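Q: The structure under discussion is supplied below as structure tokens; questions concerning it will follow.
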Amino acid sequence: MKNKELVELLIQKNYKISCAESCTGGMLASTIVDVPAASQVIDMSFVTYANEAKVKLVDVLESTIETYGVVSEEVAREMAFGCAKKANAQIGVGISGIAGPTGATKTKPIGMVCFGFFINGKLYSETKLFGSIGRMDVRLASVDFVLDFLLNKLKN
């Protein structure tokens, strides 16, 4: 169970985690709190589905959304940094993407998800193209990717 492994690792490091989730709609935070000891590592997370929520709750700049689009690594990084700052956490995760079946553009297809990570003072980002695998499967694949990414970064 990756979620249990992540919670145990966060406890060992004495780290807190916060999430700013758009297309996953709280699924990552829910996966973390499925672990009984999660209260030691998560105090708050944010479902920031609307652009206004990203701006108001986790301090994404409107200019970043206007310049790069809401589904972008730039926005995901600001989401990650903003939620970590609001929650006073060492780890912040931002997720923004197009789960489908609508919402795609020529440059941003269904299944494109941008991730931002704030890990103990360092920012990372990555974009994954999961394809048109279905709304729920894009969301599940996104959560799985985050767990793998964090486990890899925190173990090294």
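Each chain in the structure tokens gets a letter, A, B, ..., in the order shown, and its residues are numbered from 1; ligands are numbered from 1 in order too.
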DSSP on the backbone: which residues in range 4-156 of chain A end up as strand (DSSP E)? Give the answer as a count of residues only.
A: 30
Q: Among range 45-123 of chain A, which ones does DSSP place in helix (DSSP H, G or I), written as a PyMOL selection string?
A: chain A and resi 51-58+62-68+73-87
Q: Find the residues around Ala84 in chain A up to 9 Å (only C-alpha atoms counted), leave out those fewer than 4 positions away in its own chain, and share them as JSON, numbers by chain.
A: {"A": [16, 17, 18, 19, 20, 45, 58, 79, 80, 88, 89, 90, 91, 92, 93, 118, 119]}
Q: Please dump the current selection as a compact mmCIF listing (two decimals), in the first residue's frame; keep C-alpha atoms.
A:
# COMPACT_ATOMS: atom_id res chain seq x y z
CA LYS A 16 3.29 17.50 7.05
CA ILE A 17 1.63 17.32 3.63
CA SER A 18 -1.07 19.41 2.00
CA CYS A 19 -2.75 19.04 -1.38
CA ALA A 20 -4.38 21.49 -3.78
CA SER A 45 -5.98 20.16 2.00
CA VAL A 58 -3.84 28.71 -2.44
CA MET A 79 -0.84 25.38 -6.19
CA ALA A 80 1.79 23.18 -4.52
CA ASN A 88 2.52 25.18 7.19
CA ALA A 89 3.57 21.90 5.59
CA GLN A 90 6.91 20.70 4.26
CA ILE A 91 5.19 18.96 1.34
CA GLY A 92 2.67 20.54 -1.05
CA VAL A 93 1.11 18.89 -4.07
CA PHE A 118 6.86 21.59 -3.10
CA ILE A 119 9.19 19.35 -1.12
Q: Could you check how far CA of Ile42 in chain A sits from CA of Gln12 in chain A, in Å to one decimal?
A: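 Between these atoms lies a distance of 13.8 Å.
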Q: Counting only C-alpha atoms, what is within 12 Å of Ile32 in chain A, bar same-chain residues fewer than 5 positions away, as a list in words?
A: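 Here the answer would be Met1, Lys2, Asn3, Lys4, Glu5, Leu6, Val7, Glu8, Leu10, Lys16, Ile17, Ser18, Cys19, Gly26, Met27, Ala37, Ala38, Ser39, Gln40, Val41, Ile42, Asp43, Met44, Ser45, Val143, Asp144, Val146 and Leu147 of chain A.
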Q: Taking only C-alpha atoms into account, produce a table as a Markdown table in which each residue of range 101-141 of chain A with an atom at most 9 Å from an atom of range 71-76 of chain A appears once, together with its shortest atom pair and the distance in Å to one decimal, ordered by chain and rising number.
A:
| residue | atom | partner | partner_atom | distance |
| --- | --- | --- | --- | --- |
| A:Lys108 | CA | A:Val71 | CA | 7.8 |
| A:Met112 | CA | A:Val71 | CA | 8.1 |
| A:Val113 | CA | A:Val71 | CA | 7.1 |
| A:Cys114 | CA | A:Glu73 | CA | 5.3 |
| A:Phe115 | CA | A:Ala76 | CA | 5.3 |
| A:Gly116 | CA | A:Ala76 | CA | 4.4 |
| A:Phe117 | CA | A:Ala76 | CA | 7.8 |
| A:Tyr124 | CA | A:Glu73 | CA | 8.9 |
| A:Ser125 | CA | A:Glu73 | CA | 5.8 |
| A:Glu126 | CA | A:Glu73 | CA | 6.5 |
| A:Thr127 | CA | A:Glu73 | CA | 6.8 |
Q: What would the file look like if the residues just selected were written as a compact mmCIF listing (two decimals), in the first residue's frame with C-alpha atoms?
A:
# COMPACT_ATOMS: atom_id res chain seq x y z
CA LYS A 108 -4.08 20.08 -24.02
CA MET A 112 -3.23 15.60 -19.63
CA VAL A 113 -2.47 16.31 -15.99
CA CYS A 114 0.06 18.78 -14.62
CA PHE A 115 1.62 18.21 -11.22
CA GLY A 116 3.45 20.58 -8.93
CA PHE A 117 5.43 19.50 -5.90
CA TYR A 124 9.26 20.36 -9.00
CA SER A 125 6.74 19.87 -11.76
CA GLU A 126 5.81 17.30 -14.32
CA THR A 127 3.14 16.72 -16.93
Q: Write out as a ChimeraX atom specification each polymer residue whose atoms come within 9 Å of Arg135 in chain A, counting only C-alpha atoms; drop sequence neighbours fewer than 3 positions from it.
A: /A:98-101,110-111,132,138-140
Q: Output all heavy atoms for every residue in the selection just made, as a tab-separated table (two decimals), in the first residue's frame.
A:
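Result file again11.tsv:
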chain	number	residue	atom	x	y	z
A	98	ILE	N	-7.05	17.60	-17.21
A	98	ILE	CA	-8.27	17.40	-17.99
A	98	ILE	C	-8.62	15.91	-17.93
A	98	ILE	O	-8.05	15.09	-18.66
A	98	ILE	CB	-8.07	17.86	-19.45
A	98	ILE	CG1	-7.60	19.32	-19.47
A	98	ILE	CG2	-9.36	17.68	-20.25
A	98	ILE	CD1	-7.04	19.78	-20.80
A	99	ALA	N	-9.53	15.57	-17.03
A	99	ALA	CA	-9.91	14.17	-16.84
A	99	ALA	C	-10.86	13.69	-17.94
A	99	ALA	O	-10.97	12.51	-18.19
A	99	ALA	CB	-10.54	13.98	-15.46
A	100	GLY	N	-11.55	14.62	-18.58
A	100	GLY	CA	-12.45	14.26	-19.66
A	100	GLY	C	-13.86	14.00	-19.17
A	100	GLY	O	-14.13	14.12	-17.98
A	101	PRO	N	-14.76	13.66	-20.03
A	101	PRO	CA	-14.56	13.42	-21.46
A	101	PRO	C	-14.53	14.69	-22.30
A	101	PRO	O	-14.30	14.64	-23.50
A	101	PRO	CB	-15.77	12.55	-21.83
A	101	PRO	CG	-16.85	12.98	-20.89
A	101	PRO	CD	-16.14	13.33	-19.61
A	110	ILE	N	-7.38	15.39	-23.58
A	110	ILE	CA	-7.97	14.65	-22.47
A	110	ILE	C	-6.90	13.73	-21.90
A	110	ILE	O	-6.15	13.09	-22.64
A	110	ILE	CB	-9.20	13.84	-22.94
A	110	ILE	CG1	-10.34	14.80	-23.30
A	110	ILE	CG2	-9.65	12.85	-21.87
A	110	ILE	CD1	-11.50	14.14	-23.99
A	111	GLY	N	-6.83	13.67	-20.60
A	111	GLY	CA	-5.84	12.83	-19.94
A	111	GLY	C	-4.54	13.54	-19.62
A	111	GLY	O	-3.63	12.95	-19.03
A	132	SER	N	-6.97	9.12	-23.17
A	132	SER	CA	-8.42	9.11	-22.99
A	132	SER	C	-8.85	7.77	-22.40
A	132	SER	O	-9.48	6.95	-23.06
A	132	SER	CB	-9.11	9.38	-24.32
A	132	SER	OG	-10.49	9.57	-24.12
A	138	VAL	N	-8.21	8.46	-15.15
A	138	VAL	CA	-7.26	9.58	-15.16
A	138	VAL	C	-7.02	10.05	-13.73
A	138	VAL	O	-5.88	10.28	-13.32
A	138	VAL	CB	-7.75	10.74	-16.05
A	138	VAL	CG1	-6.91	12.00	-15.83
A	138	VAL	CG2	-7.74	10.34	-17.52
A	139	ARG	N	-8.08	10.15	-12.96
A	139	ARG	CA	-7.97	10.59	-11.57
A	139	ARG	C	-7.16	9.59	-10.74
A	139	ARG	O	-6.29	9.97	-9.97
A	139	ARG	CB	-9.35	10.83	-10.98
A	139	ARG	CG	-10.10	11.97	-11.69
A	139	ARG	CD	-11.55	12.08	-11.26
A	139	ARG	NE	-11.60	12.56	-9.90
A	139	ARG	CZ	-12.47	12.14	-9.00
A	139	ARG	NH1	-13.37	11.23	-9.30
A	139	ARG	NH2	-12.45	12.63	-7.77
A	140	LEU	N	-7.47	8.31	-10.90
A	140	LEU	CA	-6.73	7.27	-10.16
A	140	LEU	C	-5.26	7.23	-10.57
A	140	LEU	O	-4.38	7.10	-9.72
A	140	LEU	CB	-7.38	5.91	-10.40
A	140	LEU	CG	-8.74	5.69	-9.73
A	140	LEU	CD1	-9.40	4.43	-10.27
A	140	LEU	CD2	-8.61	5.63	-8.22
Q: What gap, in Å, lies between CA of Lys153 in chain A and CA of Thr31 in chain A?
A: 18.7 Å
Q: Between CA of Glu62 in chain A and CA of Val47 in chain A, what is the distance, to one decimal in Å?
A: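 Rounded to one decimal, the two atoms are 17.4 Å apart.
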Q: From the options A:Asn120, A:Ser142, A:Glu52, A:Pro109, which residue's atoms come nearest to Asn14 in chain A, counting only C-alpha atoms?
A: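 That would be A:Asn120, the residue with the smallest distance to Asn14 in chain A.
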Q: If we count only C-alpha atoms, what is near Asn156 in chain A at a cut-off of 12 Å, once residues fewer than 6 positions away on the same chain are taken out, given as a PyMOL selection string?
A: chain A and resi 9+149-150
